[in-house]
2 protein chains.
Amino acid sequence: MTDIAMITAATARLQGHVRQTPLLHAPLLDRLAGRRVFVKAECLQLTGSFKARGGWAAVSAIDPVARQRGVIAFSSGNHAQGVALAAARHDCPCVILMPSDAPAVKIANTRAYGAEVVLYDRETEDRDALGAGIAADRGLTLIRPYDDAQVIAGQGTTGFEIAAQAADAGVTSGDVLVCCGGGGLASGIALALEDRAPGLRVRTVEPVGFDDMARSLATGSRVRNAALQGSICDAILTPTPGALTFPILQRLAGPGLVVTDDQALQAVALAFTHLRIVLEPGGAVALAAALFAPDLPDTVIAVATGGNVDPATFAMALGRFA
Amino acid sequence: MTDIAMITAATARLQGHVRQTPLLHAPLLDRLAGRRVFVKAECLQLTGSFKARGGWAAVSAIDPVARQRGVIAFSSGNHAQGVALAAARHDCPCVILMPSDAPAVKIANTRAYGAEVVLYDRETEDRDALGAGIAADRGLTLIRPYDDAQVIAGQGTTGFEIAAQAADAGVTSGDVLVCCGGGGLASGIALALEDRAPGLRVRTVEPVGFDDMARSLATGSRVRNAALQGSICDAILTPTPGALTFPILQRLAGPGLVVTDDQALQAVALAFTHLRIVLEPGGAVALAAALFAPDLPDTVIAVATGGNVDPATFAMALGRFA
């Protein structure tokens, strides 16, 4: 079970291998939002998303003999790249199972980091059986995208940085809005903030129709989404909260927030204009909530989780909203 | 005349008012370039360009009585926004003369920072006479975009950061490529590096046809460009090197580099894909040189100077090169 000691240990292992990302803000964005909005720009992380943290934390925690055999991960993109880069830097073989309809840029980059990408058809193939077969044949260690104690610890290092950067900016209370799929990042940050900045509270943000975490937090037990796809926020469409992440968020997070796809695209466009960062829609839902959700405190910190977006999708967001 | 003491004093005045920008890098970008490429991301600076530094340095150096009367600047965009934000934060009236064909986003943002924008027609109106009239009527202090000792000192604070961040990355020698209009940023950085990182050498980068600095450095005296417009790199089209900046660069900078508009647009697209930052074409010429110029050292630092770009131009760069 992830605890503060594991996040501290992950911080030491990540030192020099992942980037401390900046906490950005912009006067004109604050004016649009009607509140102070800080943006933790994890799109500037190596591999373009916070997943580089969890990938490094997990790969570096495997015992060297098992690591030499290799790792395997299932991912539509950001976790894939995070694990692939960490594996390459550890000289560790890496197999990634990706759905064949994953964004082209994510497939290409995962291969460029040196991973062996195995594509499967979401409709007709059983990903878990396929992956289990490959893993057994080669003795690979599976790295889960969020329900993994070391991955949560790695993502939690983001929370230590937020605590320090918020204090530097004079911010000791407010909501920390986190784009949420399975809840690995949100739960890691929540644990880190509990220790270092107890006045900052995590709130998950999800797309409409994929608000399994918000509904689970509201009802007190893990519920599932009706659909598995159908939002432009591909990076954060997960069926149900993680078994490890949900109890942490149930204890520490405030009510979950929900935004529309159009609000996410508008946040992509406003981040382009006012922050000059590139966000993917799923990485922009927290900023969308910071801009458009009612009843938030005067100061919020939105974690901009990823920037791996196909150029056509990005141009579409600019065409509609910039 | 700007010296290291003025840059040190500017650093103190800027503290807490402008941002320390990150030095980014990306494994896949290094592979494309065939060398190590670090990117000093001044597009993440407040107002979206390094000009916030020079603007703050200049406005904060004016004596309070004169400052109360106000400031005036001539600018097609980035200097305008830098001066406008600094003036607003000093409760100082601010008039900006902008050509009526400046990018819409730059005009809109300059107004949003609270400046009074006066548009003039490049073809039919005499900008200097217009500005001199307004300045005399109201007792405004003119802040020049580069030929101003305090502006150069403000831009030089970027060089202190580069020196420290390069040392952290283990880099003590190499070329520092700087997008160059009048040479304010390049000369400020050159002075800072001479003091703090003498193994790092500044090289200016300009668009083809607007390489007045490269030709002036090569011939030893200030020459003029044949044209005043005709490149997509609007932010850095200046007629001739500055009277203050040129002697500094002549003493400290290496040979100037030149890139094509298409190379600049390709750098915009590659920065989108691999660094997830938004660059304007004129802010991307240094990165373009880092990627495409022959005969550079194994390690280069490219200063990405600005990210205030119209969405249509950005989408065009992605459509052609991403």
# chains A, B, ... in the order shown; residues from 1 in each chain; ligands from 1
>>> interface_residues(of="chain A", to="chain B", cutoff="10 Å", atoms="only C-alpha atoms", output="short mmCIF file (atom, residue, chain, number, x, y, z; two decimals) with C-alpha atoms, in the first residue's frame")
data_model
loop_
_atom_site.label_atom_id
_atom_site.label_comp_id
_atom_site.auth_asym_id
_atom_site.auth_seq_id
_atom_site.Cartn_x
_atom_site.Cartn_y
_atom_site.Cartn_z
CA GLY A 16 17.70 13.54 -12.34
CA ARG A 19 11.69 16.77 -14.73
CA GLN A 20 10.38 19.14 -12.07
CA THR A 21 7.61 20.78 -14.07
CA PRO A 22 6.70 24.46 -13.64
CA LEU A 23 3.60 25.83 -11.93
CA LEU A 24 2.34 28.32 -14.51
CA HIS A 25 -0.20 31.12 -14.27
CA ALA A 26 -1.35 33.95 -16.51
CA PRO A 27 -3.08 37.20 -15.59
CA LEU A 28 -5.49 37.04 -18.54
CA ARG A 31 -9.49 37.14 -15.44
CA ALA A 41 2.31 21.67 -16.44
CA GLU A 42 2.96 17.93 -16.55
CA CYS A 43 2.61 18.13 -20.34
CA LEU A 44 6.20 19.44 -20.10
CA GLN A 45 7.26 16.24 -18.36
CA LEU A 46 9.52 13.85 -20.30
CA THR A 47 7.34 11.76 -22.68
CA GLY A 48 4.71 14.51 -22.50
CA SER A 49 2.78 13.32 -19.47
CA LEU A 85 11.34 5.44 -21.65
CA VAL A 105 1.42 9.96 -32.31
CA ASN A 109 6.47 7.71 -29.91
CA ALA A 112 10.62 5.52 -30.89
CA TYR A 113 11.45 5.02 -27.19
CA ASP A 168 6.45 29.62 -2.89
CA ALA A 169 3.45 31.33 -4.49
CA ALA A 269 -7.48 26.42 -26.85
CA ALA A 271 -3.95 26.96 -22.71
CA PHE A 272 -2.59 27.55 -26.22
CA THR A 273 -3.42 31.26 -26.12
CA HIS A 274 -2.56 32.14 -22.54
CA LEU A 275 -0.04 29.57 -21.32
CA ARG A 276 1.58 28.51 -24.61
CA ILE A 277 1.46 24.85 -23.64
CA VAL A 278 0.11 21.96 -25.71
CA LEU A 279 -2.54 19.87 -23.95
CA GLU A 280 -4.42 16.80 -25.09
CA GLY A 306 -0.54 15.40 -20.76
CA GLY A 307 0.17 16.90 -24.16
CA ASN A 308 0.29 13.97 -26.56
CA VAL A 309 -2.35 15.03 -29.05
CA ASP A 310 -2.75 14.40 -32.75
CA PRO A 311 -2.16 17.61 -34.72
CA ALA A 312 -5.60 17.37 -36.37
CA PHE A 314 -5.36 20.18 -31.75
CA ALA A 315 -6.04 22.23 -34.89
CA MET A 316 -9.74 21.41 -34.52
CA ALA A 317 -9.74 22.75 -30.94
CA LEU A 318 -8.03 25.95 -32.12
CA GLY A 319 -10.43 26.32 -35.05
CA PHE A 321 -12.32 27.88 -29.68
CA ALA A 322 -9.14 29.97 -30.14
#
>>> select_by_dssp(residues="segment 252-297 of chain A", states="strand (DSSP E or B)", output="short mmCIF file (atom, residue, chain, number, x, y, z; two decimals) with C-alpha atoms, in the first residue's frame")
data_model
loop_
_atom_site.label_atom_id
_atom_site.label_comp_id
_atom_site.auth_asym_id
_atom_site.auth_seq_id
_atom_site.Cartn_x
_atom_site.Cartn_y
_atom_site.Cartn_z
CA LEU A 257 -16.03 17.31 -10.90
CA VAL A 258 -17.30 16.66 -14.43
CA VAL A 259 -16.77 18.65 -17.65
CA ILE A 277 1.46 24.85 -23.64
#
>>> select_by_dssp(residues="segment 87-217 of chain A", states="alpha helix (DSSP H)", output="PyMOL selection string")
chain A and resi 87-89+104-112+127-138+149-168+184-196+212-217
>>> write_last_selection(atoms="C-alpha atoms", output="mmCIF file, in the first residue's frame")
data_model
loop_
_atom_site.group_PDB
_atom_site.id
_atom_site.type_symbol
_atom_site.label_atom_id
_atom_site.label_comp_id
_atom_site.auth_asym_id
_atom_site.auth_seq_id
_atom_site.Cartn_x
_atom_site.Cartn_y
_atom_site.Cartn_z
ATOM 1 C CA ALA A 87 12.651 0.632 -19.481
ATOM 2 C CA ALA A 88 14.990 1.888 -22.204
ATOM 3 C CA ARG A 89 17.036 3.856 -19.673
ATOM 4 C CA ALA A 104 -0.980 7.605 -34.077
ATOM 5 C CA VAL A 105 1.417 9.962 -32.310
ATOM 6 C CA LYS A 106 1.312 7.832 -29.162
ATOM 7 C CA ILE A 107 2.000 4.595 -31.050
ATOM 8 C CA ALA A 108 4.859 6.197 -32.995
ATOM 9 C CA ASN A 109 6.469 7.713 -29.908
ATOM 10 C CA THR A 110 6.202 4.492 -27.902
ATOM 11 C CA ARG A 111 8.082 2.679 -30.675
ATOM 12 C CA ALA A 112 10.618 5.517 -30.888
ATOM 13 C CA ARG A 127 -6.191 -7.913 -24.371
ATOM 14 C CA ASP A 128 -5.688 -9.539 -20.984
ATOM 15 C CA ALA A 129 -5.327 -13.047 -22.412
ATOM 16 C CA LEU A 130 -2.974 -11.814 -25.128
ATOM 17 C CA GLY A 131 -0.816 -9.960 -22.600
ATOM 18 C CA ALA A 132 -0.801 -12.819 -20.098
ATOM 19 C CA GLY A 133 0.443 -15.165 -22.808
ATOM 20 C CA ILE A 134 3.317 -12.904 -23.835
ATOM 21 C CA ALA A 135 4.239 -12.186 -20.210
ATOM 22 C CA ALA A 136 4.304 -15.892 -19.299
ATOM 23 C CA ASP A 137 6.348 -16.853 -22.363
ATOM 24 C CA ARG A 138 9.056 -14.294 -21.648
ATOM 25 C CA ALA A 149 1.648 0.813 -5.361
ATOM 26 C CA GLN A 150 4.918 1.970 -6.951
ATOM 27 C CA VAL A 151 3.155 3.687 -9.820
ATOM 28 C CA ILE A 152 0.982 5.601 -7.336
ATOM 29 C CA ALA A 153 4.127 6.535 -5.391
ATOM 30 C CA GLY A 154 5.763 7.818 -8.571
ATOM 31 C CA GLN A 155 2.757 9.943 -9.479
ATOM 32 C CA GLY A 156 2.713 11.191 -5.881
ATOM 33 C CA THR A 157 6.047 12.947 -6.452
ATOM 34 C CA THR A 158 3.975 15.492 -8.411
ATOM 35 C CA GLY A 159 2.233 16.296 -5.130
ATOM 36 C CA PHE A 160 5.486 17.084 -3.328
ATOM 37 C CA GLU A 161 6.348 19.559 -6.103
ATOM 38 C CA ILE A 162 2.889 21.121 -5.979
ATOM 39 C CA ALA A 163 3.146 21.576 -2.210
ATOM 40 C CA ALA A 164 6.500 23.346 -2.508
ATOM 41 C CA GLN A 165 5.569 25.476 -5.519
ATOM 42 C CA ALA A 166 2.236 26.496 -4.017
ATOM 43 C CA ALA A 167 3.992 27.553 -0.806
ATOM 44 C CA ASP A 168 6.454 29.616 -2.890
ATOM 45 C CA GLY A 184 -3.286 6.867 -9.862
ATOM 46 C CA LEU A 185 -2.169 10.480 -10.108
ATOM 47 C CA ALA A 186 -5.007 11.857 -7.976
ATOM 48 C CA SER A 187 -4.408 9.348 -5.188
ATOM 49 C CA GLY A 188 -0.621 9.852 -5.223
ATOM 50 C CA ILE A 189 -1.025 13.629 -5.070
ATOM 51 C CA ALA A 190 -3.620 13.305 -2.297
ATOM 52 C CA LEU A 191 -1.198 11.308 -0.134
ATOM 53 C CA ALA A 192 1.624 13.782 -0.782
ATOM 54 C CA LEU A 193 -0.538 16.811 0.024
ATOM 55 C CA GLU A 194 -1.925 15.213 3.190
ATOM 56 C CA ASP A 195 1.665 15.212 4.450
ATOM 57 C CA ARG A 196 3.065 18.432 2.978
ATOM 58 C CA ASP A 212 -17.055 6.656 -12.519
ATOM 59 C CA MET A 213 -14.781 8.232 -9.890
ATOM 60 C CA ALA A 214 -17.153 11.109 -9.110
ATOM 61 C CA ARG A 215 -20.090 8.724 -8.753
ATOM 62 C CA SER A 216 -18.045 6.248 -6.740
ATOM 63 C CA LEU A 217 -16.907 8.989 -4.356
#
>>> closest_residue(among="A:Gln229, A:Gln250, A:Ser75, A:Thr313", to="Pro145 of chain A", atoms="only C-alpha atoms")
A:Ser75
>>> residues_around(residues="segment 226-228 of chain B", least_positions_apart="6", cutoff="9 Å", atoms="only C-alpha atoms", output="PyMOL selection string")
chain B and resi 209-210+237-239
>>> atom_distance(atom1="atom CA of Met98 of chain B", atom2="atom CA of Phe74 of chain B")
6.2 Å
>>> atom_distance(atom1="atom CA of Phe38 of chain B", atom2="atom CA of Asp91 of chain A")
23.9 Å
>>> residues_around(residues="segment 60-65 of chain A", least_positions_apart="4", cutoff="8 Å", atoms="only C-alpha atoms", output="PDB file with N, CA and C atoms, in the first residue's frame")
ATOM      1  N   ARG A  13      14.553   8.146  -6.227  1.00  0.00           N
ATOM      2  CA  ARG A  13      14.893   7.358  -7.416  1.00  0.00           C
ATOM      3  C   ARG A  13      14.669   8.150  -8.703  1.00  0.00           C
ATOM      4  N   TRP A  56       8.889   5.340 -14.249  1.00  0.00           N
ATOM      5  CA  TRP A  56      10.237   5.260 -13.679  1.00  0.00           C
ATOM      6  C   TRP A  56      10.196   4.633 -12.283  1.00  0.00           C
ATOM      7  N   ARG A  69      14.689  -9.576 -17.505  1.00  0.00           N
ATOM      8  CA  ARG A  69      13.763 -10.324 -18.375  1.00  0.00           C
ATOM      9  C   ARG A  69      12.825  -9.371 -19.112  1.00  0.00           C
ATOM     10  N   ALA A  86      11.371   4.636 -19.352  1.00  0.00           N
ATOM     11  CA  ALA A  86      12.035   4.134 -18.140  1.00  0.00           C
ATOM     12  C   ALA A  86      12.726   2.805 -18.426  1.00  0.00           C
ATOM     13  N   HIS A  90      16.796   1.791 -18.370  1.00  0.00           N
ATOM     14  CA  HIS A  90      17.281   0.720 -17.499  1.00  0.00           C
ATOM     15  C   HIS A  90      17.791  -0.478 -18.310  1.00  0.00           C
ATOM     16  N   GLN A 150       3.766   1.156  -6.557  1.00  0.00           N
ATOM     17  CA  GLN A 150       4.918   1.970  -6.951  1.00  0.00           C
ATOM     18  C   GLN A 150       4.538   3.030  -7.979  1.00  0.00           C
TER      19      GLN A 150
END
>>> residues_around(residues="Pro247 of chain A", least_positions_apart="4", cutoff="10 Å", atoms="only C-alpha atoms", output="count of residues only")
11
>>> residues_around(residues="Ala284 of chain A", least_positions_apart="4", cutoff="8 Å", atoms="only C-alpha atoms", output="PyMOL selection string")
chain A and resi 179+264-265+267-268+279-280+288+304-306
>>> atom_distance(atom1="atom CA of Ala33 of chain B", atom2="atom CA of Pro281 of chain A")
28.8 Å
>>> closest_residue(among="B:Leu142, B:Ala52, B:Ala290, B:Ala58", to="His79 of chain B", atoms="only C-alpha atoms")
B:Ala52
